[in-house]
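target-v3.csv (CSV, C-alpha atoms) appears below.
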chain,number,residue,atom,x,y,z
A,289,MET,CA,-15.4,25.1,32.0
A,290,LYS,CA,-14.8,22.6,29.2
A,291,HIS,CA,-18.5,22.5,28.5
A,292,THR,CA,-18.8,26.3,28.3
A,293,ALA,CA,-15.8,26.5,25.8
A,294,LYS,CA,-17.4,23.8,23.7
A,295,LYS,CA,-20.7,25.7,23.7
A,296,ARG,CA,-19.0,28.9,22.8
A,297,ILE,CA,-17.3,27.3,19.7
A,298,ILE,CA,-20.6,25.8,18.6
A,299,ASN,CA,-22.4,29.1,19.0
A,300,ARG,CA,-19.7,30.9,17.0
A,301,ILE,CA,-20.0,28.3,14.2
A,302,ARG,CA,-23.8,28.7,14.2
A,303,GLY,CA,-23.5,32.4,14.0
A,304,LYS,CA,-21.1,32.3,11.1
A,305,LEU,CA,-23.3,29.9,9.3
A,306,SER,CA,-26.4,31.9,9.9
A,307,GLU,CA,-24.7,35.0,8.5
A,308,ARG,CA,-24.0,33.3,5.2
A,309,ARG,CA,-26.5,33.5,2.5
A,310,GLY,CA,-27.2,30.8,-0.2
A,311,PHE,CA,-26.6,31.1,-3.9
A,312,SER,CA,-28.5,33.7,-5.9
A,313,LEU,CA,-30.7,32.7,-8.8
A,314,GLY,CA,-28.2,34.2,-11.2
A,315,GLU,CA,-25.3,32.2,-9.8
A,316,LEU,CA,-27.4,29.0,-10.1
A,317,LEU,CA,-28.4,29.8,-13.7
A,318,ALA,CA,-24.7,30.5,-14.6
A,319,ALA,CA,-23.6,27.2,-13.0
A,320,THR,CA,-26.4,25.3,-14.8
A,321,ILE,CA,-25.4,26.8,-18.2
A,322,ILE,CA,-21.7,25.9,-17.7
A,323,LEU,CA,-22.7,22.4,-16.8
A,324,LEU,CA,-24.9,22.1,-19.9
A,325,LEU,CA,-22.2,23.4,-22.2
A,326,ALA,CA,-19.6,21.0,-20.7
A,327,SER,CA,-22.1,18.1,-21.1
A,328,GLN,CA,-22.7,19.0,-24.8
A,329,VAL,CA,-19.0,19.3,-25.6
A,330,MET,CA,-18.4,15.9,-23.9
A,331,ALA,CA,-21.3,14.3,-25.9
A,332,GLN,CA,-20.0,15.7,-29.2
A,333,GLY,CA,-16.5,14.5,-28.3
A,334,ILE,CA,-17.8,11.0,-27.5
A,335,ALA,CA,-19.8,10.9,-30.8
A,336,PHE,CA,-16.7,12.0,-32.8
A,337,ALA,CA,-14.5,9.4,-31.1
A,338,THR,CA,-17.0,6.7,-31.8
A,339,ARG,CA,-17.3,7.6,-35.4
A,340,MET,CA,-13.5,7.7,-35.8
A,341,TYR,CA,-13.2,4.3,-34.1
A,342,ASN,CA,-15.8,2.8,-36.4
A,343,GLU,CA,-14.1,4.3,-39.5
A,344,THR,CA,-10.8,3.0,-38.4
A,345,LEU,CA,-12.2,-0.5,-37.9
A,346,SER,CA,-13.9,-0.4,-41.3
A,347,ARG,CA,-10.7,0.6,-43.0
A,348,SER,CA,-8.8,-2.1,-41.2
A,349,HIS,CA,-11.4,-4.8,-42.3
A,350,ALA,CA,-11.3,-3.4,-45.8
A,351,LYS,CA,-7.5,-3.9,-46.0
A,352,GLN,CA,-7.9,-7.5,-44.7
A,353,LEU,CA,-10.7,-8.1,-47.3
A,354,CYS,CA,-8.5,-6.6,-50.0
A,355,SER,CA,-5.6,-8.8,-49.1
A,356,THR,CA,-7.7,-12.0,-49.0
A,357,LEU,CA,-9.3,-11.2,-52.4
A,358,THR,CA,-5.9,-10.3,-53.9
A,359,ASN,CA,-4.6,-13.7,-52.9
A,360,SER,CA,-7.6,-15.4,-54.3
A,361,ILE,CA,-7.5,-13.6,-57.6
A,362,GLU,CA,-3.7,-14.1,-57.9
A,363,THR,CA,-4.1,-17.9,-57.3
A,364,GLU,CA,-6.9,-18.1,-59.9
A,365,LEU,CA,-5.0,-16.2,-62.6
A,366,ARG,CA,-1.5,-17.5,-61.9
A,367,TYR,CA,-2.5,-21.1,-62.9
A,368,ALA,CA,-4.9,-20.2,-65.7
A,369,THR,CA,-4.2,-21.8,-69.0
A,370,SER,CA,-6.6,-19.9,-71.3
A,371,ALA,CA,-8.4,-16.6,-71.3
A,372,ALA,CA,-11.3,-15.0,-73.3
A,373,LEU,CA,-10.8,-11.3,-73.8
A,374,ASP,CA,-13.0,-8.5,-75.2
A,375,GLY,CA,-11.9,-5.9,-77.7
A,376,SER,CA,-10.2,-3.9,-75.0
A,377,ASN,CA,-8.2,-7.0,-73.8
A,378,ARG,CA,-10.4,-7.2,-70.7
A,379,LEU,CA,-10.8,-10.6,-69.1
A,380,THR,CA,-14.3,-12.1,-69.8
A,381,ALA,CA,-13.6,-15.8,-68.9
A,382,TYR,CA,-10.7,-18.0,-68.2
A,383,PHE,CA,-9.8,-21.6,-67.3
A,384,SER,CA,-9.5,-22.1,-63.6
A,385,VAL,CA,-7.5,-25.1,-62.3
A,386,VAL,CA,-9.9,-25.3,-59.3
A,387,TYR,CA,-13.3,-24.8,-61.1
A,388,GLY,CA,-12.5,-25.6,-64.7
A,389,GLN,CA,-13.7,-23.4,-67.6
A,390,THR,CA,-15.4,-20.3,-66.2
A,391,LYS,CA,-18.3,-18.5,-68.0
A,392,SER,CA,-17.3,-15.1,-66.7
A,393,GLY,CA,-14.5,-13.0,-65.3
A,394,PHE,CA,-14.6,-11.7,-61.8
A,395,CYS,CA,-18.0,-10.2,-61.3
A,396,ALA,CA,-19.6,-8.4,-58.4
A,397,LEU,CA,-22.9,-9.8,-57.2
A,398,ASP,CA,-25.6,-8.2,-55.0
A,399,GLU,CA,-27.2,-10.0,-52.0
A,400,ASN,CA,-29.6,-11.8,-54.4
A,401,GLY,CA,-26.9,-13.2,-56.6
A,402,ASN,CA,-27.4,-10.8,-59.5
A,403,VAL,CA,-24.5,-9.2,-61.4
A,404,ILE,CA,-24.0,-5.5,-60.4
A,405,SER,CA,-23.1,-3.2,-63.2
A,406,GLY,CA,-20.8,-0.2,-62.8
A,407,THR,CA,-18.9,0.3,-59.6
A,408,ASP,CA,-21.5,-0.4,-57.0
A,409,GLY,CA,-19.5,-3.3,-55.7
A,410,GLY,CA,-20.7,-6.5,-54.0
A,411,GLU,CA,-19.2,-9.9,-53.5
A,412,LEU,CA,-16.7,-11.2,-56.2
A,413,ALA,CA,-17.7,-14.4,-58.0
A,414,ILE,CA,-17.1,-16.3,-61.1
A,415,GLN,CA,-19.6,-18.2,-63.2
A,416,VAL,CA,-18.9,-21.9,-63.5
A,417,THR,CA,-20.6,-25.2,-64.3
A,418,ASP,CA,-21.7,-27.2,-61.2
A,419,LYS,CA,-20.0,-30.6,-61.4
A,420,THR,CA,-23.0,-32.5,-59.9
A,421,THR,CA,-25.9,-30.8,-61.7
A,422,ASN,CA,-24.1,-29.4,-64.8
A,423,ALA,CA,-26.0,-26.1,-64.1
A,424,ILE,CA,-24.2,-22.8,-64.4
A,425,ILE,CA,-23.8,-21.2,-61.0
A,426,TRP,CA,-22.0,-18.3,-59.4
A,427,GLN,CA,-19.0,-19.4,-57.3
A,428,LYS,CA,-18.0,-16.8,-54.8
A,429,LEU,CA,-14.2,-16.4,-54.4
A,430,ILE,CA,-14.5,-16.1,-50.6
A,431,SER,CA,-17.1,-16.5,-47.9
A,432,SER,CA,-19.9,-13.9,-47.6
A,433,ALA,CA,-18.9,-13.5,-43.9
A,434,SER,CA,-15.7,-11.7,-45.0
A,435,TYR,CA,-17.8,-8.8,-46.4
A,436,SER,CA,-20.6,-8.7,-43.8
A,437,SER,CA,-18.9,-7.6,-40.6
A,438,TYR,CA,-18.8,-4.0,-41.9
A,439,ASP,CA,-21.0,-4.2,-45.0
A,440,LEU,CA,-18.0,-4.0,-47.3
A,441,LYS,CA,-18.2,-4.3,-51.0
A,442,ALA,CA,-15.6,-5.4,-53.6
A,443,GLU,CA,-15.2,-4.7,-57.2
A,444,ALA,CA,-12.6,-6.0,-59.7
A,445,GLY,CA,-12.9,-2.9,-61.9
A,446,ASN,CA,-10.4,-3.6,-64.5
A,447,ILE,CA,-8.7,-6.9,-65.3
A,448,THR,CA,-6.7,-6.9,-68.6
A,449,TYR,CA,-4.2,-9.2,-70.1
A,450,ASP,CA,-1.0,-8.0,-71.8
A,451,GLU,CA,-0.2,-10.8,-74.3
A,452,SER,CA,3.2,-9.5,-75.2
A,453,ASN,CA,4.4,-9.7,-71.6
A,454,ASN,CA,2.2,-12.6,-70.5
A,455,VAL,CA,0.8,-10.6,-67.5
A,456,PHE,CA,-2.6,-9.8,-66.1
A,457,HIS,CA,-3.2,-6.3,-64.7
A,458,VAL,CA,-5.8,-6.2,-62.0
A,459,VAL,CA,-7.4,-3.3,-60.2
A,460,LEU,CA,-9.3,-4.2,-57.0
A,461,ASN,CA,-11.5,-1.7,-55.1
A,462,ILE,CA,-13.0,-2.1,-51.6
A,463,SER,CA,-15.8,0.3,-50.5
A,464,ASP,CA,-18.1,0.7,-47.6
A,465,LYS,CA,-21.9,0.2,-47.6
A,466,ASN,CA,-22.4,3.8,-48.9
A,467,GLY,CA,-20.0,3.3,-51.8
A,468,LYS,CA,-17.2,5.3,-50.3
A,469,LEU,CA,-13.9,3.9,-51.6
A,470,LEU,CA,-11.7,2.6,-48.7
A,471,VAL,CA,-8.9,0.6,-50.4
A,472,THR,CA,-7.6,0.2,-53.9
A,473,ASN,CA,-5.0,-2.4,-54.9
A,474,ALA,CA,-3.5,-2.4,-58.4
A,475,PHE,CA,-1.4,-5.4,-59.0
A,476,ASP,CA,0.1,-7.7,-61.7
A,477,VAL,CA,-0.2,-11.5,-62.0
A,478,LEU,CA,2.4,-13.4,-64.0
A,479,PRO,CA,0.8,-16.7,-65.1
A,480,VAL,CA,2.8,-19.9,-64.8
A,481,ASN,CA,1.6,-21.0,-68.2
A,482,LYS,CA,1.5,-19.3,-71.6
A,483,ILE,CA,-2.1,-18.2,-71.9
A,484,LYS,CA,-4.1,-19.4,-74.9
A,485,ILE,CA,-6.2,-16.4,-76.0
A,486,THR,CA,-9.7,-16.4,-77.4
A,487,LYS,CA,-11.6,-13.3,-78.5
Write-out of the structure in structure tokens:
Amino acid sequence: MKHTAKKRIINRIRGKLSERRGFSLGELLAATIILLLASQVMAQGIAFATRMYNETLSRSHAKQLCSTLTNSIETELRYATSAALDGSNRLTAYFSVVYGQTKSGFCALDENGNVISGTDGGELAIQVTDKTTNAIIWQKLISSASYSSYDLKAEAGNITYDESNNVFHVVLNISDKNGKLLVTNAFDVLPVNKIKITK
């Protein structure tokens, strides 16, 4: 009796399953298209999120680099005792308490150590005399590693001296490897000493 009831249930299930048909070709195509569209949307979303994440990291590193360079430039100019200016009162050289008399202002260098003109950016350096060889060399303000993590570039675009107020005006720009400006910092430095001016 139990065996017969069990057999009946199994036969009923088999009958229902044999009556059902599979998916049609149209249904399979529709499901495949929906899956492909969902996959494409997900791929684009992931690519967008990755791009935004990298841009956020680049901007964050640019702010750190800007802060470090600002501190370095402030330290150099705060304790300067003399400055050479051009006709527009732009800084062309100064006396550094760390490196002595410089042969330049804050210049941007490329990877080969050549001065970059314009606003291409690079690594900020000053030209000084090497104490051991008496050769004129470029002394970078901070380590190259500070720029390299996200291929950042710095440019001290405009450093002027206001003699009447005894203050340096500095504009510092940080850009990415494509030259897109990420951070700008305009700040003033009040020297401890009265600056002796040469033109």
Could you give me, as a compact mmCIF listing (two decimals) with C-alpha atoms, keeping the file's coordinate frame, the residues within 10 Å of Ala371 in chain A, counting only C-alpha atoms and dropping anything in the same chain fewer than 4 positions from it?
# COMPACT_ATOMS: atom_id res chain seq x y z
CA LEU A 365 -5.00 -16.20 -62.60
CA ASN A 377 -8.20 -7.00 -73.80
CA ARG A 378 -10.40 -7.20 -70.70
CA LEU A 379 -10.80 -10.60 -69.10
CA THR A 380 -14.30 -12.10 -69.80
CA ALA A 381 -13.60 -15.80 -68.90
CA TYR A 382 -10.70 -18.00 -68.20
CA PHE A 383 -9.80 -21.60 -67.30
CA SER A 384 -9.50 -22.10 -63.60
CA GLN A 389 -13.70 -23.40 -67.60
CA THR A 390 -15.40 -20.30 -66.20
CA GLY A 393 -14.50 -13.00 -65.30
CA TYR A 449 -4.20 -9.20 -70.10
CA ILE A 483 -2.10 -18.20 -71.90
CA LYS A 484 -4.10 -19.40 -74.90
CA ILE A 485 -6.20 -16.40 -76.00
CA THR A 486 -9.70 -16.40 -77.40
CA LYS A 487 -11.60 -13.30 -78.50
- Extract, using all atoms listed in the file, all DNA, RNA and protein residues at most 8 Å from Lys441 in chain A, discarding same-chain residues fewer than 5 positions from it, and format them as a PyMOL selection string. chain A and resi 408-411+435+462-465+467
- Query: By how many Å are CA of Arg347 in chain A and CA of Ala474 in chain A apart?
  - Reply: 17.3 Å
- Query: To one decimal place, how far is CA of Lys428 in chain A from CA of Leu397 in chain A in Å?
  - Reply: 8.9 Å
- For the atom pair CA of Ala442 in chain A and CA of Leu353 in chain A, what is the interatomic distance in Å to one decimal place?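 Distance between the two atoms: 8.4 Å.
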- Message: When you count only C-alpha atoms, which of these residues is closest to Ser437 in chain A: A:Ser346, A:Ser360, A:Ser392, A:Asn473?
- Response: A:Ser346
- Message: Calculated over only C-alpha atoms, which of the candidates A:Ile430, A:Ala335, A:Leu357, A:Met330 has the smallest distance to Asn461 in chain A?
- Response: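 Selected residue with least distance to Asn461 in chain A: A:Leu357.
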Exercise: Val459 in chain A partners within 9 Å, all atoms listed in the file, chain neighbours under 2 positions left out, as a CSV table (one decimal) with C-alpha atoms, in the frame of the given file:
chain,number,residue,atom,x,y,z
A,443,GLU,CA,-15.2,-4.7,-57.2
A,444,ALA,CA,-12.6,-6.0,-59.7
A,445,GLY,CA,-12.9,-2.9,-61.9
A,446,ASN,CA,-10.4,-3.6,-64.5
A,447,ILE,CA,-8.7,-6.9,-65.3
A,457,HIS,CA,-3.2,-6.3,-64.7
A,461,ASN,CA,-11.5,-1.7,-55.1
A,472,THR,CA,-7.6,0.2,-53.9
A,473,ASN,CA,-5.0,-2.4,-54.9
A,474,ALA,CA,-3.5,-2.4,-58.4
A,475,PHE,CA,-1.4,-5.4,-59.0
A,476,ASP,CA,0.1,-7.7,-61.7
Identify the residues within 6 Å of coordinate (0.7, -20.3, -64.8) (same frame as the file), considering only C-alpha atoms, and give the answer as a CSV table (one decimal) with C-alpha atoms, in the coordinates of the input.
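So part-v6.csv came out as:
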chain,number,residue,atom,x,y,z
A,366,ARG,CA,-1.5,-17.5,-61.9
A,367,TYR,CA,-2.5,-21.1,-62.9
A,368,ALA,CA,-4.9,-20.2,-65.7
A,479,PRO,CA,0.8,-16.7,-65.1
A,480,VAL,CA,2.8,-19.9,-64.8
A,481,ASN,CA,1.6,-21.0,-68.2
- Determine the nearest neighbour of Val385 in chain A from the options A:Thr358, A:Gly401, A:Val416, A:Leu316, counting all atoms listed in the file.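 Smallest separation from Val385 in chain A among the options: A:Val416.
Counting all atoms listed in the file and comparing A:Tyr438, A:Leu412, A:Val471, A:Ile425, the residue that lies closest to Asn342 in chain A is A:Tyr438.
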- Message: Considering only C-alpha atoms, can you say which of A:Thr363, A:Gly333, A:His349, A:Lys482 comes closest to Ala433 in chain A?
- Response: A:His349
